[in-house]
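Asks: Before I ask anything, let me first share the structure, which is written out below as structure tokens.
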Amino acid sequence: MKNFSYIALVMAGGLLAPVFAQIVEKPVPGDPVVVDSGQVAGKILPSGVKAYFGVPFAAPPVRENRWREPQPVKAWKGVYNADRKMPECIQVLRAHNINHYFGEEPTSEDCLYLNIWAPATARANANLPVIVFIYGGGSTIGSSGMAIYGGEGVAKRGAIFVNFNYRLGALGFLAHPELTAESAHHQSGNYAYLDQVAALQWIQRNIAKFGGDPTKVVISGQSAGAGSVSLLQNSPLAKGLFRGVVAMSGGSWGNGGQLGDLAAAEKTGVQVQQALKAKSLDEMRQIPADRILALQEDCQLGCSGSIRIGGGTVDGYFLPKSPAQIFAAHEQNDVPAIVGFTHDESSNALRTAKNLDEYKAAARQMYGADADAFLKLYPASNDEEAHQMGSAAAREGAIEGNQRKWAIAQGKYGKAPVYVFMYSRVHPYIPGVAIADQNTATIGAYHTSDVPYWFGTQDALNIIRPTRNWTPLDRDLSAKMTDALIAFAKTGEPNTAAVHWPAWSATNEQLVDFGDKIGVQPMNSARLDFMASHGGGGRGGRGATSNPTANPATPRARD
């Protein structure tokens, strides 16, 4: 268990001198809270929000538990002091001059902990709505400790907020024939998703003690976290663990709801064993985690060309079939869904074309004999129109089209409604600020730019150095987006007095645009149909990405 204080003493000239002063936290009146593994004490934040940081939801996945499904927490005696966030799951650290750098976090293989934020007035069994967030990062980086993913802003507006760590990269997704053979479920890989299931089960068992209503839990995620949300909606292990799902810029529908199979994943696992020069699974479990991490493909600052491990497989346990097959059989967790994207997160040769001639040339290269049909749907007569149409085509051919596929499946195979959003507000950057993985003049509403509005964490982007001049408009937009999220958790639909949000349907495709103004607008069904019939990016869909940078030559950190 964590120590209650850190005091370091050094010997100097025969005298003991304090190096770090003890930090005295403000305790929560009425603590400790009794959860199913012991007593937990939190702290009061300056805002009055109650915080419980670093609570274990599963046993440490180390030694014999490496590459096993999460094991139960061993009960403890005394009071667990939940006053600080615990290490992120082992991963490469972030460069210090990128957009999403919030200071160094400790990193460890022992990382299965969660954080809870509760309103100041929350009491046990208060039946408050609960919003759970699953971070993104390409399944190889990411942390519940990142400031942009904090829950204080949500708690101040009346809901419980929970986030948690899950295993990443090779430690979270490695499949291997020996692992499959030793598993009681004949399964390997997908450990990251089993961590997520374990966290959601912990929430169901314990969240009422903190004031939350286990029947009003919604899960949300962004990028790879939205992919997790999508797979949890399809997993029989997650049935009954949430009442709704929220997917920000991601999901399993970019490839038509298809995933790789266990046999292919096991072959990659054997490659990892060979690279580690390990003779057996037991030897692989004895190897220090940093040596395994060194093999991991990392595209944070440009791809290294090493082994890529991350993302789900059809393993017969967490996922018995592909999402497309599960939906077609009406076996998904049929709950309301919010799916959406940001205005400028997709890129290809159409978006990056510098002028009208390049735009038309890109269209002919990508769509061949169908280029004229494309140009009728995305007409441009000058350079400015080419830029606008190229941006729209890139988005509709990638992330918007992918989220629409999810909406179509939801409407075709389920009874629960689906709501679609687009976030288009451009952050108000401080003039002249330099960010290594962004061209602030052209980045637009980039991948992940909506997250600080959903959770009221905009100030996180000014923690290390000033980068944004937030305005009253930004604060108001954030409050309205947060309230819509809370309403969704509370009632199953996101409508509020400030946000009219109609459900999407195949006969009335519409979304809410969160931009300089909030409004309902139609989706362009004809253009989206064209993109769907041409693989999105053209000629099989190659060339379109949903996580771009405005300057393609600049590597970016995945969010």
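Residue numbering restarts at 1 for every chain of the structure tokens, chains are lettered A, B, ... in their displayed order, and ligands are numbered from 1 as they appear.
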Hey, what's within 6 Å of Val512 in chain A if we count only C-alpha atoms and toss same-chain stuff fewer than 3 positions away? As a PyMOL selection string, please?
Replies: chain A and resi 421+519-520
Asks: Using only C-alpha atoms, determine which residues lie at most 10 Å from Ile463 in chain A, disregarding the query and same-chain residues fewer than 4 positions distant; provide the list as a compact mmCIF listing (two decimals) with N, CA and C atoms, in the first residue's frame.
Replies:
```txt
# COMPACT_ATOMS: atom_id res chain seq x y z
N TYR A 101 1.97 17.18 -23.54
CA TYR A 101 2.96 16.90 -22.51
C TYR A 101 2.53 17.65 -21.25
N PHE A 102 2.31 16.91 -20.18
CA PHE A 102 1.83 17.51 -18.93
C PHE A 102 2.79 17.24 -17.77
N GLY A 103 4.06 16.98 -18.08
CA GLY A 103 5.02 16.60 -17.07
C GLY A 103 5.20 15.10 -17.04
N ALA A 147 -3.42 15.06 -17.31
CA ALA A 147 -4.25 16.15 -16.81
C ALA A 147 -5.47 16.41 -17.69
N GLN A 458 -9.62 22.30 -19.99
CA GLN A 458 -8.88 23.17 -20.91
C GLN A 458 -7.59 23.73 -20.30
N ASP A 459 -7.61 24.01 -19.00
CA ASP A 459 -6.43 24.60 -18.38
C ASP A 459 -5.25 23.64 -18.34
N THR A 467 -0.20 28.10 -23.81
CA THR A 467 -0.39 27.82 -25.24
C THR A 467 -1.73 28.33 -25.77
```
Asks: Show which residues sit within 7 Å of Ala75 in chain A, as a PyMOL selection string. Count only C-alpha atoms, and ignore same-chain residues fewer than 2 positions away.
Replies: chain A and resi 37-38+73+77
Asks: Return as a VMD selection string the full set of residues in range 314-538 of chain A whose backbone-based DSSP assignment is strand (DSSP E or B).
Replies: chain A and resid 314 337 to 342 347 418 to 423 429 435 438 468 505 508 510 to 514 518 to 522
Asks: Based on the backbone DSSP call, show me all residues of range 278-342 of chain A assigned helix (DSSP H, G or I), as a PyMOL selection string.
Replies: chain A and resi 281-286+289-295+323-328
Asks: Taking 4 positions as the minimum chain separation for residues in the same chain, which residues sit within 10 Å of range 226-230 of chain A when counting only C-alpha atoms? Answer as JSON, numbers by chain.
Replies: {"A": [133, 134, 135, 136, 138, 139, 192, 193, 196, 218, 219, 220, 221, 222, 234, 235, 244, 245, 246, 247, 248, 249, 250, 251, 252, 253, 254, 257, 311, 312, 323, 332, 337, 339, 340, 406]}
Asks: Okay, now the selection with C-alpha atoms, as a PDB file, in the first residue's frame?
Replies:
```pdb
ATOM      1  CA  PHE A 133     -13.355   7.481 -19.479  1.00  0.00           C
ATOM      2  CA  ILE A 134     -10.921   5.193 -21.332  1.00  0.00           C
ATOM      3  CA  TYR A 135      -7.838   6.939 -22.703  1.00  0.00           C
ATOM      4  CA  GLY A 136      -6.460   6.599 -26.201  1.00  0.00           C
ATOM      5  CA  GLY A 138      -2.795   3.871 -30.254  1.00  0.00           C
ATOM      6  CA  SER A 139      -2.901   1.067 -27.646  1.00  0.00           C
ATOM      7  CA  ALA A 192      -5.980  -4.634 -22.013  1.00  0.00           C
ATOM      8  CA  TYR A 193      -9.684  -5.153 -22.644  1.00  0.00           C
ATOM      9  CA  GLN A 196     -11.183  -2.649 -18.709  1.00  0.00           C
ATOM     10  CA  VAL A 218     -21.786   5.351 -19.315  1.00  0.00           C
ATOM     11  CA  ILE A 219     -18.404   4.497 -20.772  1.00  0.00           C
ATOM     12  CA  SER A 220     -16.578   6.980 -22.966  1.00  0.00           C
ATOM     13  CA  GLY A 221     -13.298   6.872 -24.812  1.00  0.00           C
ATOM     14  CA  GLN A 222     -11.289   8.766 -27.394  1.00  0.00           C
ATOM     15  CA  ASN A 234     -19.614  -6.129 -28.463  1.00  0.00           C
ATOM     16  CA  SER A 235     -18.208  -8.229 -25.639  1.00  0.00           C
ATOM     17  CA  GLY A 244     -24.578   3.801 -22.761  1.00  0.00           C
ATOM     18  CA  VAL A 245     -21.411   4.322 -24.796  1.00  0.00           C
ATOM     19  CA  VAL A 246     -19.651   7.468 -26.023  1.00  0.00           C
ATOM     20  CA  ALA A 247     -17.036   7.195 -28.781  1.00  0.00           C
ATOM     21  CA  MET A 248     -14.902  10.205 -29.627  1.00  0.00           C
ATOM     22  CA  SER A 249     -13.023   9.757 -32.911  1.00  0.00           C
ATOM     23  CA  GLY A 250     -12.637   6.012 -33.067  1.00  0.00           C
ATOM     24  CA  GLY A 251     -14.193   2.568 -32.992  1.00  0.00           C
ATOM     25  CA  SER A 252     -14.039  -0.800 -34.675  1.00  0.00           C
ATOM     26  CA  TRP A 253     -15.979   0.186 -37.788  1.00  0.00           C
ATOM     27  CA  GLY A 254     -13.159   1.698 -39.828  1.00  0.00           C
ATOM     28  CA  GLY A 257     -16.353  -4.122 -38.048  1.00  0.00           C
ATOM     29  CA  GLY A 311      -5.475  -3.579 -30.660  1.00  0.00           C
ATOM     30  CA  GLY A 312      -8.054  -6.297 -30.394  1.00  0.00           C
ATOM     31  CA  PRO A 323     -18.117  -6.783 -34.210  1.00  0.00           C
ATOM     32  CA  GLN A 332     -24.255  -6.665 -29.073  1.00  0.00           C
ATOM     33  CA  ALA A 337     -24.591   5.409 -28.253  1.00  0.00           C
ATOM     34  CA  VAL A 339     -20.436   8.639 -31.761  1.00  0.00           C
ATOM     35  CA  GLY A 340     -18.560  11.535 -33.287  1.00  0.00           C
ATOM     36  CA  TRP A 406     -21.302   2.489 -36.499  1.00  0.00           C
TER      37      TRP A 406
END
```
Asks: Near Met146 in chain A, counting only C-alpha atoms, which residues have an atom at most 9 Å away, once you skip same-chain residues fewer than 3 positions from it, shown as a list in words?
Replies: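 In the requested format, the answer is His100, Tyr101, Phe102, Gly103, Glu105, Gly142, Ser143, Tyr149, Gly150 and Ala460 of chain A.
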Asks: Can you write out the residues you just picked, keeping N, CA and C atoms, as a PDB file, in the first residue's frame?
Replies:
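Contents of selection_10.pdb, as written:
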```
ATOM      1  N   HIS A 100       0.531  17.422 -26.063  1.00  0.00           N
ATOM      2  CA  HIS A 100       0.025  16.711 -24.890  1.00  0.00           C
ATOM      3  C   HIS A 100       1.167  16.240 -23.991  1.00  0.00           C
ATOM      4  N   TYR A 101       1.974  17.185 -23.545  1.00  0.00           N
ATOM      5  CA  TYR A 101       2.956  16.904 -22.507  1.00  0.00           C
ATOM      6  C   TYR A 101       2.529  17.650 -21.254  1.00  0.00           C
ATOM      7  N   PHE A 102       2.313  16.915 -20.177  1.00  0.00           N
ATOM      8  CA  PHE A 102       1.828  17.512 -18.929  1.00  0.00           C
ATOM      9  C   PHE A 102       2.791  17.244 -17.772  1.00  0.00           C
ATOM     10  N   GLY A 103       4.056  16.980 -18.082  1.00  0.00           N
ATOM     11  CA  GLY A 103       5.022  16.605 -17.068  1.00  0.00           C
ATOM     12  C   GLY A 103       5.198  15.096 -17.039  1.00  0.00           C
ATOM     13  N   GLU A 105       5.319  11.299 -15.831  1.00  0.00           N
ATOM     14  CA  GLU A 105       4.605  10.402 -14.925  1.00  0.00           C
ATOM     15  C   GLU A 105       5.487   9.198 -14.628  1.00  0.00           C
ATOM     16  N   GLY A 142      -0.503   6.238 -23.219  1.00  0.00           N
ATOM     17  CA  GLY A 142      -1.710   6.793 -22.619  1.00  0.00           C
ATOM     18  C   GLY A 142      -1.760   6.504 -21.131  1.00  0.00           C
ATOM     19  N   SER A 143      -2.520   7.346 -20.417  1.00  0.00           N
ATOM     20  CA  SER A 143      -2.540   7.222 -18.965  1.00  0.00           C
ATOM     21  C   SER A 143      -3.768   7.894 -18.394  1.00  0.00           C
ATOM     22  N   TYR A 149      -7.352  14.342 -19.001  1.00  0.00           N
ATOM     23  CA  TYR A 149      -8.373  13.330 -18.754  1.00  0.00           C
ATOM     24  C   TYR A 149      -8.906  13.367 -17.321  1.00  0.00           C
ATOM     25  N   GLY A 150      -8.656  14.440 -16.605  1.00  0.00           N
ATOM     26  CA  GLY A 150      -9.114  14.538 -15.227  1.00  0.00           C
ATOM     27  C   GLY A 150     -10.616  14.733 -15.118  1.00  0.00           C
ATOM     28  N   ALA A 460      -5.507  22.348 -18.566  1.00  0.00           N
ATOM     29  CA  ALA A 460      -4.409  21.388 -18.619  1.00  0.00           C
ATOM     30  C   ALA A 460      -3.409  21.744 -19.721  1.00  0.00           C
TER      31      ALA A 460
END
```
Asks: Would you mind telling me which residue in A:Ala51, A:Asn190, A:His176, A:Gly535 lies nearest to Ser280 in chain A when using only C-alpha atoms?
Replies: A:His176
Asks: Find the residues around Pro336 in chain A up to 9 Å (only C-alpha atoms counted), leave out those fewer than 5 positions away in its own chain, and share them as number ranges by chain.
Replies: A: 243-246, 410, 415-419, 488, 492-493
Asks: If we count only C-alpha atoms and set the cut-off at 12 Å, which residues sit around Asp344 in chain A, ignoring sequence neighbours fewer than 6 positions away in its own chain? Please answer as number ranges by chain.
Replies: A: 249, 351-352, 387-396, 398-400, 422-426, 442-450, 545-550
Asks: Export, as a JSON list (two decimals), in the first residue's frame, the selected residues with N, CA and C atoms.
Replies:
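Output below, filename out_29.json:
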```json
[["chain", "number", "residue", "atom", "x", "y", "z"],
["A", 249, "SER", "N", -14.06, 9.91, -31.88],
["A", 249, "SER", "CA", -13.02, 9.76, -32.91],
["A", 249, "SER", "C", -12.38, 8.38, -32.93],
["A", 351, "ARG", "N", -6.83, 16.76, -48.95],
["A", 351, "ARG", "CA", -6.77, 17.84, -47.96],
["A", 351, "ARG", "C", -5.46, 18.63, -48.06],
["A", 352, "THR", "N", -4.38, 17.96, -48.36],
["A", 352, "THR", "CA", -3.08, 18.63, -48.37],
["A", 352, "THR", "C", -2.77, 19.29, -49.71],
["A", 387, "HIS", "N", -9.50, 23.76, -51.08],
["A", 387, "HIS", "CA", -9.09, 23.46, -49.70],
["A", 387, "HIS", "C", -10.28, 23.00, -48.87],
["A", 388, "GLN", "N", -11.41, 23.69, -49.00],
["A", 388, "GLN", "CA", -12.60, 23.33, -48.22],
["A", 388, "GLN", "C", -13.12, 21.96, -48.61],
["A", 389, "MET", "N", -13.22, 21.70, -49.91],
["A", 389, "MET", "CA", -13.74, 20.41, -50.36],
["A", 389, "MET", "C", -12.76, 19.27, -50.06],
["A", 390, "GLY", "N", -11.46, 19.56, -50.17],
["A", 390, "GLY", "CA", -10.48, 18.54, -49.85],
["A", 390, "GLY", "C", -10.55, 18.13, -48.39],
["A", 391, "SER", "N", -10.74, 19.10, -47.50],
["A", 391, "SER", "CA", -10.87, 18.81, -46.08],
["A", 391, "SER", "C", -12.13, 18.00, -45.80],
["A", 392, "ALA", "N", -13.25, 18.40, -46.44],
["A", 392, "ALA", "CA", -14.51, 17.67, -46.25],
["A", 392, "ALA", "C", -14.40, 16.24, -46.78],
["A", 393, "ALA", "N", -13.77, 16.08, -47.93],
["A", 393, "ALA", "CA", -13.64, 14.74, -48.52],
["A", 393, "ALA", "C", -12.76, 13.84, -47.66],
["A", 394, "ALA", "N", -11.68, 14.39, -47.13],
["A", 394, "ALA", "CA", -10.81, 13.59, -46.27],
["A", 394, "ALA", "C", -11.57, 13.13, -45.02],
["A", 395, "ARG", "N", -12.32, 14.03, -44.43],
["A", 395, "ARG", "CA", -13.08, 13.69, -43.22],
["A", 395, "ARG", "C", -14.18, 12.67, -43.52],
["A", 396, "GLU", "N", -14.96, 12.92, -44.57],
["A", 396, "GLU", "CA", -16.07, 12.02, -44.89],
["A", 396, "GLU", "C", -15.60, 10.68, -45.41],
["A", 398, "ALA", "N", -12.94, 9.21, -44.19],
["A", 398, "ALA", "CA", -12.25, 8.50, -43.11],
["A", 398, "ALA", "C", -13.11, 8.52, -41.86],
["A", 399, "ILE", "N", -12.82, 9.41, -40.91],
["A", 399, "ILE", "CA", -13.42, 9.29, -39.59],
["A", 399, "ILE", "C", -14.93, 9.50, -39.60],
["A", 400, "GLU", "N", -15.43, 10.47, -40.37],
["A", 400, "GLU", "CA", -16.88, 10.65, -40.39],
["A", 400, "GLU", "C", -17.58, 9.44, -41.00],
["A", 422, "MET", "N", -20.22, 16.38, -34.28],
["A", 422, "MET", "CA", -18.97, 16.87, -34.86],
["A", 422, "MET", "C", -18.50, 18.03, -33.98],
["A", 423, "TYR", "N", -17.21, 18.03, -33.65],
["A", 423, "TYR", "CA", -16.64, 19.13, -32.89],
["A", 423, "TYR", "C", -15.81, 19.97, -33.86],
["A", 424, "SER", "N", -16.11, 21.26, -33.96],
["A", 424, "SER", "CA", -15.43, 22.09, -34.96],
["A", 424, "SER", "C", -14.81, 23.37, -34.40],
["A", 425, "ARG", "N", -14.88, 23.60, -33.11],
["A", 425, "ARG", "CA", -14.27, 24.79, -32.52],
["A", 425, "ARG", "C", -12.75, 24.67, -32.57],
["A", 426, "VAL", "N", -12.08, 25.70, -33.11],
["A", 426, "VAL", "CA", -10.62, 25.73, -33.17],
["A", 426, "VAL", "C", -10.10, 26.38, -31.89],
["A", 442, "THR", "N", -2.76, 26.08, -38.98],
["A", 442, "THR", "CA", -3.57, 25.30, -39.92],
["A", 442, "THR", "C", -4.15, 24.03, -39.32],
["A", 443, "ILE", "N", -3.86, 23.74, -38.05],
["A", 443, "ILE", "CA", -4.26, 22.46, -37.46],
["A", 443, "ILE", "C", -5.77, 22.29, -37.40],
["A", 444, "GLY", "N", -6.51, 23.39, -37.19],
["A", 444, "GLY", "CA", -7.97, 23.31, -37.12],
["A", 444, "GLY", "C", -8.44, 22.58, -35.88],
["A", 445, "ALA", "N", -9.61, 21.97, -35.98],
["A", 445, "ALA", "CA", -10.17, 21.18, -34.88],
["A", 445, "ALA", "C", -9.57, 19.78, -34.99],
["A", 446, "TYR", "N", -8.45, 19.59, -34.34],
["A", 446, "TYR", "CA", -7.61, 18.41, -34.54],
["A", 446, "TYR", "C", -8.10, 17.22, -33.70],
["A", 447, "HIS", "N", -7.51, 16.07, -33.97],
["A", 447, "HIS", "CA", -7.78, 14.84, -33.23],
["A", 447, "HIS", "C", -7.49, 15.06, -31.75],
["A", 448, "THR", "N", -8.49, 14.86, -30.90],
["A", 448, "THR", "CA", -8.43, 15.03, -29.44],
["A", 448, "THR", "C", -8.76, 16.44, -28.98],
["A", 449, "SER", "N", -8.94, 17.39, -29.90],
["A", 449, "SER", "CA", -9.18, 18.77, -29.48],
["A", 449, "SER", "C", -10.51, 18.94, -28.76],
["A", 450, "ASP", "N", -11.41, 17.98, -28.90],
["A", 450, "ASP", "CA", -12.71, 18.07, -28.21],
["A", 450, "ASP", "C", -12.64, 17.62, -26.76],
["A", 545, "THR", "N", -6.21, 9.01, -43.50],
["A", 545, "THR", "CA", -5.95, 8.75, -42.10],
["A", 545, "THR", "C", -6.92, 9.56, -41.26],
["A", 546, "SER", "N", -7.21, 9.06, -40.08],
["A", 546, "SER", "CA", -8.13, 9.78, -39.20],
["A", 546, "SER", "C", -7.41, 10.49, -38.07],
["A", 547, "ASN", "N", -6.07, 10.38, -38.01],
["A", 547, "ASN", "CA", -5.30, 11.04, -36.97],
["A", 547, "ASN", "C", -4.19, 11.88, -37.60],
["A", 548, "PRO", "N", -4.55, 12.98, -38.30],
["A", 548, "PRO", "CA", -3.54, 13.68, -39.06],
["A", 548, "PRO", "C", -2.88, 14.80, -38.27],
["A", 549, "THR", "N", -1.86, 15.33, -38.83],
["A", 549, "THR", "CA", -1.37, 16.63, -38.42],
["A", 549, "THR", "C", -1.54, 17.55, -39.61],
["A", 550, "ALA", "N", -1.73, 18.82, -39.36],
["A", 550, "ALA", "CA", -1.90, 19.76, -40.47],
["A", 550, "ALA", "C", -0.63, 19.85, -41.29]]
```
Asks: Which residue is closest to Ala159 in chain A? Choose from A:Ala199, A:Asn439, A:Leu485, A:Ile90 and count only C-alpha atoms.
Replies: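 For Ala159 in chain A, the nearest of the candidates is A:Leu485.
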Asks: Given the choices A:Asp334, A:Glu266, A:Asp213, A:Glu283, which gets closest to Leu232 in chain A if the distance is worked out from only C-alpha atoms?
Replies: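 Closest to Leu232 in chain A, using only C-alpha atoms: A:Asp334.
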Asks: Using only C-alpha atoms, find the one residue out of A:His186, A:Lys279, A:Lys405, A:Lys85 that sits nearest to Ala263 in chain A.
Replies: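 Using only C-alpha atoms, Ala263 in chain A sits closest to A:His186.
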Asks: Just give me the gap between CA of Gln91 in chain A and CA of Arg63 in chain A in Å, one decimal is fine.
Replies: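 Calculated distance between CA of Gln91 in chain A and CA of Arg63 in chain A is 17.7 Å.
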Asks: Find the distance between CA of Pro29 in chain A and CA of Lys50 in chain A and write it in Å to one decimal.
Replies: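 One can read the CA of Pro29 in chain A to CA of Lys50 in chain A distance as 9.8 Å.
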Asks: CA of Ser223 in chain A to CA of Tyr453 in chain A: how many Å, to one decimal?
Replies: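 A separation of 15.6 Å between them.
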Asks: Go through A:Thr342, A:Asp516, A:Leu356, A:Gln286 and flag the residue nearest Pro472 in chain A, using only C-alpha atoms for the distances.
Replies: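 Ranking A:Thr342, A:Asp516, A:Leu356, A:Gln286 by distance to Pro472 in chain A, first place goes to A:Asp516.
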Asks: Find, counting only C-alpha atoms, the residue in A:Ala407, A:Ile131, A:Ile203, A:Leu276 that gets nearest to Arg157 in chain A.
Replies: A:Ile131
